[in-house]
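Student: Sharing model_32.cif, mmCIF, C-alpha atoms (C1' of nucleotides):
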```cif
data_data
loop_
_atom_site.label_atom_id
_atom_site.label_comp_id
_atom_site.auth_asym_id
_atom_site.auth_seq_id
_atom_site.Cartn_x
_atom_site.Cartn_y
_atom_site.Cartn_z
CA MET G 1 9.34 -24.37 29.66
CA GLN G 2 7.20 -21.25 29.63
CA ILE G 3 7.55 -18.11 27.53
CA ALA G 4 5.42 -15.00 27.98
CA THR G 5 4.91 -11.59 26.40
CA TRP G 6 3.62 -8.42 28.05
CA ASN G 7 3.31 -4.85 26.86
CA VAL G 8 3.82 -3.03 30.17
CA ASN G 9 3.23 0.57 28.96
CA SER G 10 6.18 2.04 30.92
CA LEU G 11 8.49 -0.28 32.81
CA SER G 12 9.23 2.47 35.34
CA VAL G 13 5.59 2.59 36.35
CA ARG G 14 4.94 -1.14 36.02
CA LEU G 15 8.11 -2.63 37.55
CA PRO G 16 6.43 -3.60 40.83
CA GLN G 17 3.69 -5.38 38.89
CA VAL G 18 6.22 -7.15 36.68
CA LEU G 19 8.12 -8.38 39.74
CA ALA G 20 4.92 -9.53 41.42
CA TRP G 21 3.78 -11.30 38.26
CA LEU G 22 7.11 -13.08 37.86
CA GLN G 23 6.94 -14.23 41.45
CA ALA G 24 3.52 -15.79 40.79
CA ASN G 25 4.45 -16.90 37.24
CA PRO G 26 8.13 -17.84 37.20
CA VAL G 27 8.34 -18.18 33.42
CA ASP G 28 11.63 -19.04 31.74
CA ALA G 29 11.47 -16.05 29.41
CA LEU G 30 9.37 -12.88 29.45
CA ALA G 31 9.25 -10.44 26.53
CA LEU G 32 8.44 -6.86 27.49
CA GLN G 33 7.32 -4.05 25.21
CA GLU G 34 6.81 -0.30 25.60
CA LEU G 35 9.52 0.10 28.23
CA LYS G 36 9.52 3.88 27.58
CA LEU G 37 12.97 4.18 29.06
CA THR G 38 16.59 4.17 27.93
CA ASP G 39 18.95 1.30 28.73
CA ASP G 40 20.77 3.37 31.37
CA LYS G 41 17.48 3.58 33.28
CA PHE G 42 16.65 -0.12 32.86
CA PRO G 43 15.96 -1.67 36.29
CA LEU G 44 18.53 -4.43 35.87
CA GLN G 45 19.37 -4.82 39.53
CA ALA G 46 15.78 -5.31 40.70
CA LEU G 47 15.25 -7.94 38.02
CA GLN G 48 18.50 -9.71 38.86
CA GLU G 49 17.45 -9.83 42.50
CA ALA G 50 14.24 -11.48 41.30
CA GLY G 51 16.33 -14.16 39.59
CA TYR G 52 16.30 -12.92 36.00
CA HIS G 53 18.88 -12.01 33.43
CA ALA G 54 17.88 -9.23 31.07
CA VAL G 55 18.78 -7.73 27.72
CA SER G 56 17.09 -4.54 26.61
CA HIS G 57 16.76 -2.23 23.66
CA GLY G 58 15.40 0.94 25.16
CA GLN G 59 14.29 4.34 23.93
CA LYS G 60 13.26 7.52 25.68
CA THR G 61 9.49 8.07 26.06
CA TYR G 62 8.37 5.63 23.39
CA ASN G 63 8.81 1.98 22.40
CA GLY G 64 11.59 -0.11 23.95
CA VAL G 65 11.74 -3.92 24.26
CA ALA G 66 13.48 -6.45 26.50
CA TRP G 67 13.89 -10.14 27.24
CA LEU G 68 13.98 -11.35 30.83
CA THR G 69 15.28 -14.90 31.17
CA ARG G 70 16.14 -17.32 33.94
CA THR G 71 19.43 -18.20 32.26
CA PRO G 72 21.64 -15.96 30.13
CA VAL G 73 20.97 -15.52 26.42
CA ARG G 74 23.41 -15.13 23.54
CA ASP G 75 23.55 -13.69 20.02
CA VAL G 76 21.44 -10.63 20.84
CA VAL G 77 20.12 -8.61 17.90
CA ARG G 78 18.55 -5.18 18.32
CA ASN G 79 16.17 -4.00 15.59
CA ILE G 80 15.71 -5.57 12.17
CA PRO G 81 19.09 -5.89 10.44
CA GLY G 82 19.21 -3.74 7.32
CA LEU G 83 16.16 -1.66 8.27
CA ASP G 84 16.96 1.96 9.05
CA ASP G 85 14.68 2.40 12.06
CA GLU G 86 14.99 5.08 14.73
CA GLN G 87 12.46 3.30 16.90
CA ALA G 88 13.44 0.52 19.31
CA ARG G 89 11.00 -2.24 18.42
CA ILE G 90 12.89 -5.53 18.18
CA ILE G 91 15.16 -7.56 20.41
CA ALA G 92 16.13 -11.13 19.54
CA ALA G 93 18.29 -13.60 21.42
CA THR G 94 19.05 -17.30 21.70
CA LEU G 95 18.19 -19.22 24.86
CA ASP G 96 19.80 -22.58 25.48
CA ALA G 97 17.17 -25.03 26.67
CA GLU G 98 16.54 -28.73 27.00
CA GLY G 99 15.95 -30.04 23.52
CA GLY G 100 18.18 -27.42 21.99
CA PRO G 101 18.51 -23.67 21.63
CA VAL G 102 15.41 -21.54 21.10
CA ARG G 103 15.57 -18.32 19.13
CA LEU G 104 13.48 -15.69 20.89
CA ILE G 105 12.22 -12.74 18.84
CA ASN G 106 10.35 -9.99 20.66
CA GLY G 107 8.61 -7.25 18.71
CA TYR G 108 6.72 -4.11 19.52
CA PHE G 109 5.05 -3.81 16.14
CA VAL G 110 4.18 -0.40 14.71
CA ASN G 111 0.73 0.88 15.67
CA GLY G 112 0.04 2.59 12.36
CA GLN G 113 -2.61 5.07 13.57
CA ALA G 114 -4.95 4.86 10.56
CA PRO G 115 -4.90 3.60 6.97
CA GLY G 116 -3.63 6.23 4.57
CA THR G 117 -1.33 7.96 7.06
CA ASP G 118 2.47 8.10 7.03
CA LYS G 119 2.45 5.96 10.15
CA PHE G 120 0.44 3.28 8.37
CA ALA G 121 2.93 3.31 5.50
CA TYR G 122 5.72 2.89 8.05
CA LYS G 123 3.83 -0.03 9.57
CA MET G 124 3.61 -1.72 6.17
CA ARG G 125 7.32 -1.18 5.46
CA TRP G 126 8.22 -2.43 8.92
CA LEU G 127 6.04 -5.53 8.59
CA GLN G 128 7.61 -6.40 5.24
CA ALA G 129 11.13 -5.99 6.64
CA LEU G 130 10.19 -8.11 9.64
CA GLN G 131 8.79 -10.86 7.43
CA ASP G 132 11.95 -10.97 5.29
CA TRP G 133 14.19 -11.04 8.34
CA VAL G 134 12.14 -13.65 10.26
CA LYS G 135 12.29 -15.88 7.19
CA SER G 136 16.09 -15.78 7.28
CA GLU G 137 16.14 -16.29 11.06
CA MET G 138 13.95 -19.39 10.71
CA ALA G 139 16.38 -20.87 8.23
CA ILE G 140 19.16 -20.53 10.81
CA HIS G 141 17.10 -21.32 13.92
CA PRO G 142 14.46 -24.02 13.40
CA ARG G 143 13.31 -23.73 17.02
CA LEU G 144 11.98 -20.18 17.05
CA VAL G 145 9.28 -18.10 18.72
CA LEU G 146 8.05 -14.72 17.51
CA VAL G 147 6.20 -12.92 20.29
CA GLY G 148 5.07 -9.45 21.19
CA ASP G 149 2.54 -6.72 20.66
CA PHE G 150 1.71 -7.24 16.98
CA ASN G 151 -0.86 -4.43 16.85
CA VAL G 152 -2.91 -6.66 14.56
CA ALA G 153 -6.18 -8.42 15.38
CA PRO G 154 -5.75 -11.38 13.02
CA GLU G 155 -9.41 -12.35 12.67
CA ASP G 156 -12.85 -10.92 13.39
CA ARG G 157 -13.11 -13.06 16.52
CA ASP G 158 -10.06 -11.20 17.86
CA SER G 159 -12.02 -7.93 18.09
CA TYR G 160 -14.91 -6.83 20.30
CA ASP G 161 -16.51 -5.02 17.35
CA PRO G 162 -15.35 -6.43 14.02
CA ILE G 163 -18.24 -4.81 12.14
CA GLY G 164 -17.96 -1.32 13.59
CA LEU G 165 -14.16 -1.40 13.39
CA LYS G 166 -13.98 -2.98 9.94
CA ASP G 167 -11.04 -1.59 7.94
CA THR G 168 -9.83 0.53 10.87
CA ILE G 169 -6.38 0.14 12.40
CA HIS G 170 -5.57 -3.40 13.63
CA HIS G 171 -8.40 -4.71 11.43
CA THR G 172 -7.35 -3.84 7.87
CA VAL G 173 -6.89 -6.46 5.17
CA GLU G 174 -3.32 -5.21 4.66
CA GLU G 175 -2.36 -5.81 8.29
CA ARG G 176 -4.09 -9.20 8.39
CA THR G 177 -2.38 -10.24 5.17
CA HIS G 178 0.98 -9.51 6.79
CA PHE G 179 0.00 -11.61 9.79
CA GLN G 180 -0.97 -14.49 7.48
CA ALA G 181 2.34 -14.14 5.67
CA LEU G 182 4.14 -14.72 8.96
CA LEU G 183 2.10 -17.88 9.48
CA GLN G 184 2.97 -18.98 5.96
CA LEU G 185 6.64 -18.88 6.87
CA GLY G 186 5.78 -21.90 9.03
CA LEU G 187 4.74 -20.20 12.24
CA THR G 188 1.66 -21.14 14.26
CA ASP G 189 -0.46 -18.91 16.49
CA ALA G 190 -0.06 -20.88 19.74
CA PHE G 191 -3.21 -19.37 21.24
CA ARG G 192 -5.38 -20.88 18.50
CA MET G 193 -3.95 -24.36 18.95
CA PHE G 194 -6.35 -24.73 21.89
CA ASP G 195 -10.00 -24.18 22.73
CA GLN G 196 -10.28 -20.71 24.19
CA PRO G 197 -13.03 -18.74 25.89
CA GLU G 198 -15.23 -16.70 23.55
CA LYS G 199 -14.16 -13.08 23.31
CA SER G 200 -10.58 -13.62 24.42
CA TYR G 201 -8.53 -10.45 24.17
CA SER G 202 -5.14 -9.17 25.33
CA TRP G 203 -5.74 -5.39 25.27
CA TRP G 204 -8.56 -3.21 26.56
CA ASP G 205 -8.89 0.57 26.25
CA TYR G 206 -8.41 2.46 29.50
CA ARG G 207 -11.43 4.55 28.58
CA MET G 208 -15.13 3.74 28.64
CA LEU G 209 -14.73 0.87 31.13
CA GLY G 210 -13.18 -1.13 28.30
CA PHE G 211 -11.95 -3.97 30.49
CA GLN G 212 -15.06 -4.20 32.65
CA LYS G 213 -17.17 -4.44 29.49
CA ASN G 214 -14.60 -6.73 27.82
CA ARG G 215 -14.34 -4.40 24.85
CA GLY G 216 -10.89 -5.52 23.77
CA LEU G 217 -8.64 -6.76 21.01
CA ARG G 218 -6.36 -9.78 20.78
CA ILE G 219 -3.21 -8.14 19.44
CA ASP G 220 -0.49 -9.73 21.60
CA HIS G 221 0.64 -12.99 20.10
CA ILE G 222 2.98 -15.94 20.43
CA LEU G 223 3.94 -17.65 17.18
CA VAL G 224 5.94 -20.88 17.24
CA SER G 225 7.90 -22.63 14.51
CA GLU G 226 7.10 -26.14 13.22
CA ALA G 227 9.93 -27.68 15.22
CA LEU G 228 8.46 -26.34 18.47
CA ARG G 229 4.80 -26.86 17.69
CA PRO G 230 4.54 -30.50 18.86
CA SER G 231 5.79 -29.48 22.30
CA VAL G 232 3.24 -26.69 22.83
CA SER G 233 0.92 -27.87 25.61
CA ALA G 234 -0.92 -24.68 26.59
CA CYS G 235 -1.38 -21.02 25.73
CA SER G 236 -3.52 -18.46 27.49
CA VAL G 237 -4.04 -14.79 28.33
CA ASP G 238 -3.56 -13.94 31.99
CA ARG G 239 -6.19 -11.28 32.65
CA ALA G 240 -5.30 -10.95 36.33
CA PRO G 241 -2.78 -8.09 36.01
CA ARG G 242 -5.33 -6.03 34.06
CA LYS G 243 -7.37 -5.93 37.28
CA ASN G 244 -4.51 -4.38 39.26
CA PRO G 245 -4.62 -0.78 40.36
CA GLN G 246 -2.79 1.32 37.75
CA PRO G 247 -2.63 -1.57 35.24
CA SER G 248 -1.03 -1.76 31.83
CA ASP G 249 -3.72 -1.73 29.15
CA HIS G 250 -2.30 -5.08 27.92
CA ALA G 251 -2.38 -8.46 29.66
CA PRO G 252 0.38 -11.08 29.49
CA VAL G 253 0.12 -14.03 27.12
CA VAL G 254 1.84 -17.25 28.20
CA VAL G 255 2.81 -20.37 26.25
CA THR G 256 3.91 -23.67 27.77
CA LEU G 257 6.31 -25.91 25.86
CA GLY G 258 6.65 -29.50 27.01
"C1'" DA V 1 -20.94 13.94 17.04
"C1'" DT V 2 -17.22 13.89 20.38
"C1'" DG V 3 -14.47 12.42 24.08
"C1'" DG V 4 -13.81 9.63 27.49
"C1'" DC V 5 -7.48 7.12 30.00
"C1'" DA V 6 -2.62 6.88 30.80
"C1'" DG V 7 2.40 7.99 30.32
"C1'" DT V 8 5.83 11.25 28.99
"C1'" DA V 9 8.12 15.62 28.26
"C1'" DC V 10 10.54 21.89 26.96
"C1'" DC V 11 5.48 21.05 33.16
"C1'" DA V 12 0.88 23.08 30.03
"C1'" DT V 13 -0.68 21.08 26.83
"C1'" DA V 14 0.63 18.18 22.96
"C1'" DC V 15 1.81 13.71 21.38
"C1'" DT V 16 1.14 8.83 21.24
"C1'" DG V 17 -1.11 4.81 21.96
"C1'" DA V 18 -4.89 1.18 19.94
#
```
For this file, write the structure as structure tokens.
Tutor:
Amino acid sequence: MQIATWNVNSLSVRLPQVLAWLQANPVDALALQELKLTDDKFPLQALQEAGYHAVSHGQKTYNGVAWLTRTPVRDVVRNIPGLDDEQARIIAATLDAEGGPVRLINGYFVNGQAPGTDKFAYKMRWLQALQDWVKSEMAIHPRLVLVGDFNVAPEDRDSYDPIGLKDTIHHTVEERTHFQALLQLGLTDAFRMFDQPEKSYSWWDYRMLGFQKNRGLRIDHILVSEALRPSVSACSVDRAPRKNPQPSDHAPVVVTLG
DNA sequence: ATGGCAGTACCATACTGA
């Protein structure tokens, strides 16, 4: 089984690329972030015609997340329970699979702008609430994946310029400590279970020929629980869609289980 | 030293992203 995550930076604009990617990469579940549309504008029919079920948690202009799956999901949760959050950043669901149900959590983590700002404080609050909630989800669902745009480069090797960008957004100790806390719940960064090319990233700035110069960050992640870890056989970034005309600034990350 | 791209919305310029 394959699970993928992709920040599409507007599903309206990127729908043709999503459909083309799914045709070439018929994953069992695809997490989307930054839909930038409300649920009434969600392109359900086009995705159904492509063979996918979908559940979404949309928002106008900003944020918005969805799961696309080959088979229907159940027990859908939108946003972190108990967190008063106007922004649509979380959708979770359970997918029945061979070997048992898998809890799928998809997050569009807060960007945070810069340390010291209100947005950074919101990011810290949000990360703490996420951690508390994921802990409780893991107790209920041993087979669990947490995927999405984490907006955190966990280590220096996940950044094109760890020295120049030291202590800036995505690189701060506070953000990295939150990422480590998620791992300490018993989650594993699937990408780092395998040898990977040097300078592997999942996001590149549109400006300054960021992709052509491979000036990027690895901020899109797939974390798997202990129960799933033995079945993880591959994990990689698919850079191909970043080369498309009018690309998203993020590339998909794909994990293979079994 | 600064902005540089892209998407969206009160459609001209501001906001956000990372």
Student: Please provide as a ChimeraX atom specification all residues within 12 Å of DG4 of chain V, with the sequence filter that same-chain residues fewer than 4 positions apart are discarded (counting all atoms listed in the file).
Tutor: /G:205-210
Student: Let me make sure I understand: among G:Leu11, G:Val73, G:Leu30, G:Ala251, which one has the smallest atom-to-atom distance to chain V if we use only C-alpha atoms (C1' of nucleotides)?
Tutor: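 Residue with the minimum atom-to-atom distance to chain V: G:Leu11.
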Student: Using the chain letters and numbers from the file, give me the residues hit by the PyMOL selection byres ((chain V) within 12 of (chain G)), as a PDB file with C-alpha atoms (C1' of nucleotides), in the frame of the given file.
Tutor:
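Written file, expr_19.pdb:
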```pdb
ATOM      1  C1'  DG V   3     -14.470  12.420  24.080  1.00  0.00           C
ATOM      2  C1'  DG V   4     -13.810   9.630  27.490  1.00  0.00           C
ATOM      3  C1'  DC V   5      -7.480   7.120  30.000  1.00  0.00           C
ATOM      4  C1'  DA V   6      -2.620   6.880  30.800  1.00  0.00           C
ATOM      5  C1'  DG V   7       2.400   7.990  30.320  1.00  0.00           C
ATOM      6  C1'  DT V   8       5.830  11.250  28.990  1.00  0.00           C
ATOM      7  C1'  DA V   9       8.120  15.620  28.260  1.00  0.00           C
ATOM      8  C1'  DC V  15       1.810  13.710  21.380  1.00  0.00           C
ATOM      9  C1'  DT V  16       1.140   8.830  21.240  1.00  0.00           C
ATOM     10  C1'  DG V  17      -1.110   4.810  21.960  1.00  0.00           C
ATOM     11  C1'  DA V  18      -4.890   1.180  19.940  1.00  0.00           C
TER      12       DA V  18
END
```
Student: Can you work out the spacing between atom CA of Arg218 of chain G and atom CA of Asp85 of chain G in Å, to one decimal?
Tutor: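 About the pair atom CA of Arg218 of chain G and atom CA of Asp85 of chain G: they are 25.8 Å apart.
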Student: Using Å and a single decimal, report how far atom CA of Ala153 of chain G sits from atom CA of Lys123 of chain G.
Tutor: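 For atom CA of Lys123 of chain G relative to atom CA of Ala153 of chain G, the distance reads 14.3 Å.
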Student: What does the distance between atom CA of Tyr201 of chain G and atom CA of Trp6 of chain G come to in Å, to one decimal place?
Tutor: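 Result for atom CA of Tyr201 of chain G versus atom CA of Trp6 of chain G: 12.9 Å, one decimal.
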Student: Where does the PyMOL selection byres ((chain G and resi 124-132) around 9) land in this file, that is, which residues does it pick, as a count of residues only?
Tutor: 25
